[in-house]
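Text of data-v9.txt (compact mmCIF, C-alpha atoms) as supplied:
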```txt
# COMPACT_ATOMS: atom_id res chain seq x y z
CA MET A 848 0.00 0.00 0.00
CA TRP A 849 2.60 2.50 1.06
CA LYS A 850 6.29 2.44 0.50
CA LYS A 851 7.84 1.14 3.64
CA GLU A 852 10.91 3.24 3.69
CA GLU A 853 12.97 4.08 6.63
CA VAL A 854 11.43 6.77 8.63
CA LYS A 855 13.73 9.47 9.72
CA SER A 856 12.51 9.30 13.23
CA GLN A 857 15.88 9.79 14.80
CA ALA A 858 16.56 12.72 12.56
CA ALA A 859 13.20 14.18 13.39
CA ALA A 860 13.80 13.75 17.08
CA GLU A 861 17.22 15.32 16.80
CA ASN A 862 15.82 18.14 14.77
CA ALA A 863 13.23 18.61 17.40
CA ALA A 864 15.82 18.74 20.09
CA ASN A 865 17.86 21.25 18.16
CA SER A 866 15.17 23.32 16.62
CA GLY A 867 11.85 22.05 17.90
CA ALA A 868 8.44 23.59 17.72
CA SER A 869 8.39 27.21 18.62
CA ALA A 870 7.04 28.78 21.68
CA ALA A 871 3.52 29.99 21.52
CA PRO A 872 3.04 33.63 20.86
CA GLY A 873 0.77 34.53 23.67
CA LEU A 874 -1.43 37.18 22.12
CA SER A 875 -4.31 37.04 19.75
CA ASN A 876 -3.72 40.39 18.17
CA PRO A 877 -2.10 39.97 14.76
CA ARG A 878 -0.75 43.50 14.82
CA ASP A 879 0.82 43.13 18.21
CA ALA A 880 4.58 42.88 18.29
CA ASN A 881 4.37 39.71 20.32
CA PHE A 882 2.12 38.11 17.76
CA ALA A 883 5.11 37.26 15.58
CA VAL A 884 4.38 33.81 14.30
CA PRO A 885 7.32 31.48 13.83
CA VAL A 886 8.64 31.22 10.31
CA ALA A 887 11.18 28.59 11.23
CA PRO A 888 11.30 26.11 14.04
CA ARG A 889 13.00 27.33 17.16
CA ALA A 890 14.54 25.44 19.96
CA THR A 891 12.33 24.24 22.74
CA SER A 892 12.62 21.10 24.71
CA GLY A 893 10.51 18.10 23.89
CA GLY A 894 9.09 19.19 20.54
CA ALA A 895 9.15 17.11 17.39
CA MET A 896 9.48 18.16 13.82
CA ILE A 897 8.44 16.82 10.47
CA SER A 898 10.64 18.71 8.10
CA GLN A 899 10.26 19.71 4.50
CA GLY A 900 10.54 16.75 2.17
CA ILE A 901 8.96 14.28 4.52
CA ARG A 902 5.58 12.94 3.50
CA ILE A 903 3.35 11.02 5.87
CA LYS A 904 0.17 9.19 5.05
CA GLY A 905 -1.73 7.98 8.04
CA GLU A 906 -2.51 9.06 11.54
CA VAL A 907 -0.17 11.10 13.67
CA THR A 908 -0.85 11.14 17.40
CA GLY A 909 1.27 12.35 20.26
CA SER A 910 1.57 14.29 23.44
CA GLU A 911 4.40 16.62 22.49
CA ASP A 912 4.50 19.80 20.50
CA LEU A 913 4.95 19.24 16.80
CA TYR A 914 6.23 21.40 13.98
CA ILE A 915 5.28 20.31 10.48
CA ASP A 916 6.99 21.63 7.39
CA GLY A 917 6.36 18.56 5.30
CA HIS A 918 3.25 16.86 3.95
CA ILE A 919 0.72 15.04 6.08
CA GLU A 920 -2.29 13.23 4.78
CA GLY A 921 -4.56 11.44 7.17
CA LYS A 922 -5.26 12.63 10.68
CA LEU A 923 -3.40 14.68 13.25
CA ASN A 924 -4.23 14.25 16.89
CA LEU A 925 -2.16 16.16 19.43
CA THR A 926 -4.94 16.85 21.86
CA ASN A 927 -2.80 18.30 24.63
CA SER A 928 -0.01 19.78 22.58
CA LYS A 929 0.77 22.60 20.26
CA LEU A 930 0.88 22.05 16.54
CA THR A 931 2.63 24.44 14.20
CA ILE A 932 2.24 24.02 10.47
CA GLY A 933 5.19 25.80 8.93
CA PRO A 934 5.18 27.86 5.74
CA ASN A 935 6.08 24.82 3.66
CA GLY A 936 3.75 22.52 5.51
CA GLU A 937 0.81 20.95 3.73
CA VAL A 938 -1.74 19.07 5.74
CA LYS A 939 -4.67 17.23 4.27
CA ALA A 940 -6.19 16.04 7.47
CA ASP A 941 -8.48 16.85 10.31
CA VAL A 942 -6.37 18.40 13.02
CA PHE A 943 -6.92 18.20 16.76
CA ALA A 944 -4.57 19.95 19.15
CA ARG A 945 -4.49 22.19 22.16
CA GLU A 946 -3.14 25.01 20.10
CA VAL A 947 -2.72 25.24 16.34
CA ILE A 948 -0.61 27.73 14.43
CA VAL A 949 -1.01 27.68 10.67
CA LEU A 950 1.60 29.25 8.42
CA GLY A 951 1.20 26.76 5.60
CA ARG A 952 -1.74 25.01 4.03
CA VAL A 953 -4.40 22.94 5.71
CA ASP A 954 -7.21 21.14 3.99
CA GLY A 955 -9.42 19.79 6.73
CA LYS A 956 -11.13 20.67 9.95
CA ILE A 957 -9.02 22.25 12.68
CA VAL A 958 -9.93 21.88 16.32
CA GLY A 959 -7.64 23.93 18.52
CA ARG A 960 -8.93 23.43 22.02
CA GLU A 961 -7.41 26.62 23.39
CA ARG A 962 -6.38 28.60 20.36
CA ILE A 963 -6.01 28.71 16.62
CA GLN A 964 -3.75 31.21 14.96
CA LEU A 965 -3.59 31.81 11.22
CA GLY A 966 -0.44 33.55 10.08
CA SER A 967 -0.32 35.79 7.02
CA THR A 968 0.83 32.88 4.88
CA GLY A 969 -1.72 30.50 6.31
CA ASN A 970 -4.30 28.97 4.01
CA VAL A 971 -7.07 26.91 5.53
CA SER A 972 -9.84 25.15 3.71
CA GLY A 973 -11.96 23.68 6.44
CA ASP A 974 -13.89 24.53 9.56
CA LEU A 975 -12.26 26.00 12.64
CA GLN A 976 -13.33 25.16 16.17
CA THR A 977 -11.60 26.79 19.10
CA GLU A 978 -11.87 29.01 22.15
CA ARG A 979 -9.69 31.78 20.77
CA LEU A 980 -8.89 32.69 17.22
CA ALA A 981 -6.27 35.02 15.79
CA ILE A 982 -6.09 35.79 12.10
CA GLU A 983 -3.26 37.77 10.61
CA ASP A 984 -3.90 39.92 7.54
CA GLY A 985 -3.27 37.91 4.42
CA ALA A 986 -4.44 34.62 5.83
CA VAL A 987 -6.88 32.75 3.65
CA LEU A 988 -9.78 30.95 5.24
CA ARG A 989 -12.55 29.03 3.63
CA GLY A 990 -14.76 27.51 6.23
CA LYS A 991 -16.93 27.91 9.23
CA ILE A 992 -15.70 29.34 12.51
CA GLU A 993 -17.02 28.05 15.78
CA ILE A 994 -15.89 29.69 18.96
CA GLU A 995 -16.55 27.40 21.87
CA THR A 996 -15.88 29.09 25.17
CA GLY A 997 -15.42 26.88 28.16
CA LYS A 998 -16.96 23.91 26.47
CA PRO A 999 -15.05 20.67 26.08
CA ILE A 1000 -14.34 19.98 22.44
CA GLN A 1001 -14.72 16.40 21.39
CA VAL A 1002 -12.10 14.73 19.32
CA HIS A 1003 -13.66 12.88 16.46
CA SER A 1004 -12.38 9.47 15.66
CA GLU A 1005 -12.78 9.44 11.91
CA ALA A 1006 -10.42 11.06 9.49
CA ARG A 1007 -12.20 12.97 6.73
CA GLY A 1008 -11.65 12.52 3.06
CA VAL A 1009 -8.37 10.66 3.14
CA ALA A 1010 -7.45 7.04 2.84
CA ALA A 1011 -5.65 6.51 6.10
CA GLY A 1012 -5.22 2.83 6.71
CA ALA A 1013 -4.81 1.16 10.04
CA SER A 1014 -1.15 0.53 9.47
CA GLY A 1015 -0.56 4.19 8.94
CA LYS A 1016 -0.85 5.14 12.59
CA ILE A 1017 2.08 7.14 13.81
CA SER A 1018 2.95 8.53 17.17
CA THR A 1019 5.24 11.43 17.67
CA PRO A 1020 8.10 11.76 18.11
CA THR A 1021 9.03 8.26 17.02
CA LEU A 1022 7.32 8.42 13.62
CA SER A 1023 7.62 4.71 13.31
CA SER A 1024 5.52 3.55 10.41
CA GLY A 1025 3.49 4.33 7.37
CA THR A 1026 5.60 7.18 6.11
CA THR A 1027 7.22 7.91 2.84
CA ALA A 1028 10.26 10.05 2.93
CA SER A 1029 10.75 11.90 -0.29
CA MET B 1268 -1.83 39.44 -23.12
CA SER B 1269 -2.91 36.22 -21.49
CA PHE B 1270 -5.07 33.66 -23.16
CA LEU B 1271 -8.03 34.45 -20.93
CA ASN B 1272 -7.61 38.14 -21.52
CA LYS B 1273 -8.02 37.40 -25.19
CA LEU B 1274 -11.23 35.68 -24.29
CA GLY B 1275 -12.26 38.82 -22.49
CA LEU B 1276 -11.86 37.58 -18.94
CA GLY B 1277 -9.42 40.24 -17.88
CA VAL B 1278 -7.56 38.83 -14.90
CA ALA B 1279 -5.41 41.58 -13.53
CA PRO B 1280 -1.74 41.03 -12.81
CA THR B 1281 -1.25 40.36 -9.14
CA ARG B 1282 1.63 42.71 -8.61
CA GLU B 1283 -0.44 45.71 -9.49
CA VAL B 1284 -1.32 47.52 -6.31
CA SER B 1285 -4.13 49.96 -6.13
CA ARG B 1286 -3.74 53.37 -4.67
CA PRO B 1287 -5.61 54.35 -1.55
CA TYR B 1288 -9.00 55.17 -2.91
CA GLY B 1289 -10.45 58.56 -2.09
CA THR B 1290 -8.81 58.84 1.27
CA ASN B 1291 -10.11 62.37 1.54
CA GLY B 1292 -13.56 61.42 0.32
CA GLY B 1293 -16.49 63.20 1.86
CA ALA B 1294 -17.95 60.48 4.02
CA ARG B 1295 -14.65 59.24 5.28
CA THR B 1296 -13.30 60.15 8.63
CA PRO B 1297 -9.94 59.71 10.32
CA ALA B 1298 -9.57 56.09 11.28
CA PRO B 1299 -10.46 55.33 14.86
CA THR B 1300 -9.03 52.39 16.71
CA ALA B 1301 -10.85 49.25 15.73
CA LEU B 1302 -13.11 47.46 18.10
CA ALA B 1303 -11.46 44.86 20.23
CA ALA B 1304 -12.85 41.51 19.30
CA VAL B 1305 -11.81 37.96 20.05
CA GLY B 1306 -8.59 39.34 21.36
CA ALA B 1307 -7.95 41.71 18.50
CA THR B 1308 -7.56 45.42 18.30
CA LYS B 1309 -6.76 46.59 14.85
CA THR B 1310 -4.91 49.82 14.26
CA PRO B 1311 -5.35 51.28 10.79
CA GLN B 1312 -2.25 51.21 8.65
CA MET B 1313 -1.06 52.99 5.54
CA GLY B 1314 -3.50 52.68 2.65
CA GLU B 1315 -6.42 52.31 4.99
CA SER B 1316 -9.22 54.69 5.70
CA THR B 1317 -12.60 54.46 7.32
CA ARG B 1318 -15.95 55.40 5.92
CA LEU B 1319 -19.25 55.87 7.61
CA SER B 1320 -21.55 53.08 6.56
CA ASN B 1321 -25.28 53.59 6.85
CA GLY B 1322 -25.73 50.31 5.03
CA LEU B 1323 -23.85 48.43 7.72
CA LYS B 1324 -25.83 50.22 10.41
CA GLU B 1325 -29.09 49.19 8.79
CA PHE B 1326 -27.77 45.68 8.16
CA LEU B 1327 -27.01 45.28 11.87
CA TRP B 1328 -30.33 46.80 12.82
CA ASN B 1329 -32.05 44.14 10.75
CA LEU B 1330 -30.04 41.42 12.45
CA ASP B 1331 -30.66 42.80 15.92
CA GLY B 1332 -32.36 40.32 18.19
CA LEU B 1333 -31.60 37.42 15.93
CA GLY B 1334 -29.61 35.71 18.65
CA ARG B 1335 -27.27 33.04 17.39
CA GLY B 1336 -27.51 33.80 13.69
CA THR B 1337 -25.40 32.55 10.84
CA LEU B 1338 -23.37 34.82 8.62
CA LEU B 1339 -21.50 34.21 5.40
CA ASP B 1340 -18.65 36.61 4.74
CA LEU B 1341 -17.55 36.49 1.11
CA GLY B 1342 -14.61 38.81 1.60
CA PRO B 1343 -11.15 38.01 2.95
CA ALA B 1344 -10.91 36.62 6.45
CA TRP B 1345 -10.26 39.78 8.43
CA GLN B 1346 -9.90 39.35 12.14
CA THR B 1347 -11.88 42.47 12.94
CA THR B 1348 -14.86 41.58 10.78
CA LEU B 1349 -15.06 37.99 11.95
CA SER B 1350 -14.55 38.99 15.56
CA PHE B 1351 -17.20 41.68 15.32
CA PHE B 1352 -19.86 39.18 14.36
CA ILE B 1353 -18.59 36.31 16.49
CA GLU B 1354 -18.71 38.55 19.55
CA ARG B 1355 -22.32 39.24 18.72
CA GLY B 1356 -23.12 35.57 18.78
CA PHE B 1357 -22.99 34.82 15.07
CA ARG B 1358 -21.67 31.63 13.64
CA VAL B 1359 -19.53 32.88 10.82
CA SER B 1360 -18.46 31.20 7.61
CA SER B 1361 -15.79 32.78 5.50
CA GLU B 1362 -15.07 32.34 1.82
CA ASP B 1363 -12.99 34.79 -0.17
CA ILE B 1364 -14.89 34.16 -3.33
CA LEU B 1365 -13.14 36.70 -5.50
CA ARG B 1366 -9.76 35.15 -4.73
CA GLU B 1367 -11.19 31.77 -5.57
CA TRP B 1368 -12.60 33.10 -8.83
CA LYS B 1369 -9.21 34.39 -9.79
CA GLU B 1370 -7.55 31.10 -8.89
CA PHE B 1371 -10.18 29.30 -10.91
CA LEU B 1372 -9.50 31.46 -13.97
CA THR B 1373 -5.76 31.01 -13.63
CA GLU B 1374 -6.15 27.26 -13.37
CA GLU B 1375 -8.45 27.16 -16.40
CA GLU B 1376 -5.99 29.20 -18.39
CA THR B 1377 -3.20 26.81 -17.47
CA ASN B 1378 -5.27 23.79 -18.36
CA LEU B 1379 -6.29 25.27 -21.70
CA ARG B 1380 -2.70 26.10 -22.52
CA GLN B 1381 -1.46 22.66 -21.58
CA SER B 1382 -4.14 20.94 -23.59
CA GLY B 1383 -3.01 22.77 -26.68
CA GLY B 1384 -6.53 23.81 -27.56
CA GLU B 1385 -8.06 20.34 -27.21
CA LEU B 1386 -10.03 21.38 -24.19
CA LEU B 1387 -11.57 24.20 -26.17
CA GLU B 1388 -13.50 21.61 -28.12
CA THR B 1389 -14.98 19.92 -25.10
CA LEU B 1390 -15.06 22.64 -22.47
CA ASP B 1391 -17.79 25.23 -22.38
CA VAL B 1392 -15.70 28.40 -22.32
CA THR B 1393 -18.63 30.76 -22.52
CA PRO B 1394 -18.99 33.03 -19.49
CA ALA B 1395 -22.09 31.14 -18.42
CA GLY B 1396 -20.29 27.80 -18.72
CA ARG B 1397 -17.33 29.07 -16.73
CA ALA B 1398 -19.62 30.46 -14.06
CA LYS B 1399 -21.39 27.14 -13.79
CA ARG B 1400 -18.13 25.22 -13.43
CA PHE B 1401 -16.88 27.68 -10.82
CA LEU B 1402 -20.02 27.38 -8.72
CA GLU B 1403 -19.86 23.61 -8.80
CA SER B 1404 -17.03 23.83 -6.29
CA ASN B 1405 -17.75 27.14 -4.62
CA LEU B 1406 -20.59 28.61 -2.59
CA GLN B 1407 -21.68 25.09 -1.79
CA TYR B 1408 -23.82 25.37 1.31
CA PRO B 1409 -27.08 23.76 2.32
CA ALA B 1410 -30.20 25.65 1.34
CA SER B 1411 -31.44 28.26 3.80
CA SER B 1412 -28.35 28.01 5.97
CA PHE B 1413 -27.54 31.70 6.47
CA ASP B 1414 -29.32 34.64 8.01
CA ALA B 1415 -26.99 37.20 6.52
CA VAL B 1416 -24.41 37.54 3.77
CA LEU B 1417 -21.65 40.10 3.41
CA LEU B 1418 -21.26 40.37 -0.34
CA TRP B 1419 -19.27 43.62 -0.32
CA ASP B 1420 -18.60 45.00 -3.84
CA LEU B 1421 -17.74 41.66 -5.39
CA LEU B 1422 -20.46 41.63 -8.02
CA ASP B 1423 -18.73 44.50 -9.80
CA TYR B 1424 -15.71 42.23 -10.35
CA PHE B 1425 -17.54 39.17 -11.62
CA GLU B 1426 -18.52 38.59 -15.20
CA PRO B 1427 -22.20 39.51 -15.44
CA SER B 1428 -23.22 35.89 -16.01
CA LEU B 1429 -21.32 34.82 -12.89
CA ALA B 1430 -22.80 37.70 -10.91
CA LYS B 1431 -26.24 36.50 -11.89
CA GLN B 1432 -25.50 32.91 -10.87
CA VAL B 1433 -23.85 34.01 -7.62
CA VAL B 1434 -26.95 35.97 -6.66
CA ALA B 1435 -29.08 32.94 -7.52
CA SER B 1436 -26.86 30.73 -5.34
CA LEU B 1437 -26.99 33.21 -2.47
CA THR B 1438 -30.75 33.33 -2.73
CA GLU B 1439 -30.76 29.57 -2.21
CA VAL B 1440 -28.47 29.57 0.82
CA LEU B 1441 -30.22 32.52 2.46
CA ARG B 1442 -33.12 31.88 4.78
CA PRO B 1443 -36.44 33.60 4.13
CA GLY B 1444 -36.09 37.01 5.75
CA GLY B 1445 -32.32 36.79 5.42
CA ILE B 1446 -30.35 39.81 4.36
CA ILE B 1447 -27.50 40.57 1.96
CA PHE B 1448 -25.21 43.55 2.32
CA ALA B 1449 -23.71 44.53 -1.01
CA MET B 1450 -21.92 47.51 -2.45
CA PHE B 1451 -21.77 48.82 -5.99
CA HIS B 1452 -19.47 51.37 -7.51
CA SER B 1453 -21.25 54.26 -9.24
CA LYS B 1454 -18.34 54.59 -11.59
CA LYS B 1455 -15.29 52.52 -12.34
CA PRO B 1456 -13.08 52.61 -9.26
CA GLN B 1457 -9.53 53.89 -9.51
CA GLY B 1458 -8.12 51.08 -7.48
CA PHE B 1459 -8.95 47.81 -5.83
CA GLN B 1460 -10.01 47.75 -2.24
CA ARG B 1461 -11.23 45.47 0.44
CA TYR B 1462 -13.45 46.28 3.38
CA ARG B 1463 -13.64 45.28 6.97
CA VAL B 1464 -15.93 46.14 9.79
CA VAL B 1465 -14.49 48.56 12.32
CA ASP B 1466 -17.58 49.02 14.43
CA SER B 1467 -21.32 49.11 13.99
CA THR B 1468 -21.25 52.23 11.83
CA ASN B 1469 -17.83 52.27 10.19
CA LEU B 1470 -16.07 50.26 7.58
CA GLN B 1471 -12.38 50.26 6.97
CA VAL B 1472 -11.36 50.59 3.33
CA ILE B 1473 -8.09 48.88 2.54
CA ALA B 1474 -6.22 49.44 -0.70
CA SER B 1475 -5.15 46.01 -1.89
CA PRO B 1476 -3.34 44.33 -4.76
CA VAL B 1477 -5.68 44.09 -7.73
CA LEU B 1478 -7.26 40.67 -7.90
CA CYS B 1479 -9.65 41.24 -10.79
CA ASN B 1480 -10.67 44.17 -12.90
CA VAL B 1481 -14.09 45.70 -12.63
CA GLN B 1482 -16.31 43.91 -15.13
CA ARG B 1483 -19.36 46.08 -14.91
CA VAL B 1484 -20.68 49.20 -13.27
CA TYR B 1485 -24.29 48.42 -12.49
CA GLN B 1486 -27.11 50.87 -12.88
CA ASN B 1487 -29.93 50.90 -10.35
CA ARG B 1488 -32.31 49.13 -12.69
CA GLU B 1489 -29.77 46.35 -13.32
CA ILE B 1490 -29.25 45.91 -9.58
CA GLN B 1491 -32.97 45.62 -9.05
CA ASP B 1492 -33.17 43.04 -11.81
CA LEU B 1493 -30.34 41.03 -10.29
CA PHE B 1494 -32.14 40.92 -6.95
CA SER B 1495 -35.65 40.71 -8.32
CA ARG B 1496 -36.49 37.77 -6.06
CA TYR B 1497 -35.92 39.86 -2.94
CA ARG B 1498 -38.82 41.54 -1.27
CA THR B 1499 -37.02 44.59 0.08
CA VAL B 1500 -34.21 46.65 -1.39
CA LYS B 1501 -32.61 49.55 0.40
CA ALA B 1502 -29.82 51.67 -0.98
CA PHE B 1503 -27.50 54.22 0.58
CA ILE B 1504 -25.47 56.41 -1.70
CA GLY B 1505 -22.16 57.64 -0.41
CA ARG B 1506 -20.18 60.60 -1.59
CA ASP B 1507 -17.34 58.28 -2.49
CA GLN B 1508 -19.11 56.78 -5.52
CA LEU B 1509 -20.05 53.72 -3.54
CA ARG B 1510 -23.64 52.61 -3.20
CA GLU B 1511 -24.47 50.36 -0.28
CA SER B 1512 -27.47 48.12 -0.74
CA LEU B 1513 -29.45 45.78 1.46
CA PHE B 1514 -31.54 43.01 0.03
CA ILE B 1515 -33.99 41.16 2.22
CA LYS B 1516 -35.28 37.84 0.96
```
Can I see the file as structure tokens?
Amino acid sequence: MWKKEEVKSQAAAENAANSGASAAPGLSNPRDANFAVPVAPRATSGGAMISQGIRIKGEVTGSEDLYIDGHIEGKLNLTNSKLTIGPNGEVKADVFAREVIVLGRVDGKIVGRERIQLGSTGNVSGDLQTERLAIEDGAVLRGKIEIETGKPIQVHSEARGVAAGASGKISTPTLSSGTTAS
Amino acid sequence: MSFLNKLGLGVAPTREVSRPYGTNGGARTPAPTALAAVGATKTPQMGESTRLSNGLKEFLWNLDGLGRGTLLDLGPAWQTTLSFFIERGFRVSSEDILREWKEFLTEEETNLRQSGGELLETLDVTPAGRAKRFLESNLQYPASSFDAVLLWDLLDYFEPSLAKQVVASLTEVLRPGGIIFAMFHSKKPQGFQRYRVVDSTNLQVIASPVLCNVQRVYQNREIQDLFSRYRTVKAFIGRDQLRESLFIK
């Protein structure tokens, strides 16, 4: 079904250790100086990274922050972590995370339990569900926005519109199966 | 000249940037600080101005008391606009339909070029055919799913056949009693601009890179014909050659 090539899990983990997912900008105001969304991964401890050139088909789950600059197709579930989709990142998946920062392209529903932030290069085609939303000028959004304050957001179990097989389940940061490095 | 320009589609080059449009225009006032909304306070920047909007005021008056209404914003996803309505309890959907129209035209042009003219034999390249193809993948919402639509001045930039089909589609997705806020230029605008809601009576006008050229300047009679299925039409004429209109289904 998929090419079973060696997954660069070690490399990803090392990258994460060295560069990692960036710290969350704490404000929702796109014009605020502190809003500055990350354009490249920055060092934090414990984050993982899927860099440009890596393509994953399947389900990615985990409990650590994740920075994606590659291609993901399937489902992303980081319920208690922060997900950053970098400027080169392309995600065709429903996304569930505590906090989601989009600088690249997402085709699918995004559930950011605490916050969703669309950077100026962000392009989302799908519904947004979150408590707080920040949209920088230039961001492209095609979808419905649901602001859910203080209400638990359910994580859906079915991926939408992609053929993610059972063997494609991946957990960060080990990225152990179902990937195709290109 | 591009292939589609030869066909009369007139997609503007993206690097062309419009000048601030009528920044000293009569109805416009110095830009106040934008309303804080969903954590956002927007300070006007260069190339931005505000204009008093009686149309917006009336639009909001009509939506007053609706409770948790649904709104479709067909302009770009501006934080201030979305926040303004979300804070008032609306469930907002956003679709930058003019950007999508331009992307659609660009893609069609590429496909036609690559096919070496073969597609011309099978593809309906009439404006009506193009509009139909475009709407097969855009403005796809369940019938009667919105209470209000922000159409802005987009109809001026669509080919007339697309404008007609867009209005027909919006009529389908709008609930009975639903309202559309649209704007029409009284004469061909000097530049390209986008709009966002500052507060309940003011719009911010933002000079933007030209996405599409104006296709038509509508006369009152033509506007009435376009929205002939609507029971109420209200128009507000500004001193900046911009007519604001409300259409209630």
>> Would you pick out the contacts of Leu1338 (chain B) at 9 Å or less, using all atoms listed in the file, so that residues sharing its chain but fewer than 5 positions from it are not included, and give the list as a PyMOL selection string?
In response: chain B and resi 1352+1357-1361+1412-1417
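All protein, DNA and RNA residues at most 7 Å from (0.8, 34.9, 9.3) are Val884, Leu950, Leu965, Gly966, Ser967, Thr968, Gly969, Glu983 and Ala986 of chain A, using only C-alpha atoms.
Closest to chain B among A:Glu995, A:Arg989, A:Thr926, A:Ser910 is A:Arg989, based on only C-alpha atoms.
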>> Env of Asp941 (chain A): 6 Å cut, atoms = all atoms listed in the file, seq-sep filter 2 positions within chain, self excluded. Answer as a ChimeraX atom specification.
In response: /A:922,955-957
>> Every residue with an atom at most 7 Å from (2.8, 15.4, 18.9) (file coordinates; only C-alpha atoms) is what I'm after, so could you write them as a list in words?
In response: Ala895, Thr908, Gly909, Ser910, Glu911, Asp912, Leu913, Leu925, Ser928, Thr1019 and Pro1020 of chain A
> Can you tell me, as number ranges by chain, what residues are no more than 7 Å from Thr977 (chain A) when counting only C-alpha atoms, ignoring any on the same chain fewer than 2 positions away?
Replying inline: A: 958-963, 975, 979-980, 993-995
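For the pair CA of Ile1490 (chain B) and CA of Asp1466 (chain B), the separation is 26.9 Å.
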> In Å to one decimal, how far is CA of Glu978 (chain A) from CA of Leu1418 (chain B)?
Replying inline: 26.9 Å
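Rounded to one decimal, CA of Ser1428 (chain B) and CA of Leu1402 (chain B) lie 11.7 Å from each other.
Distance check against chain A using all atoms listed in the file: of B:Asp1420, B:Glu1362, B:Glu1325, B:Asp1391, the minimum falls on B:Glu1362.
Using all atoms listed in the file, the nearest neighbour of chain A within the list B:Glu1375, B:Glu1385, B:Glu1315, B:Asp1340 is B:Asp1340.
Ranking B:Asn1329, B:Asn1480, B:Ser1320, B:Ser1382 by their shortest atom-to-atom distance to Lys1369 (chain B), with all atoms listed in the file included, puts B:Asn1480 first.
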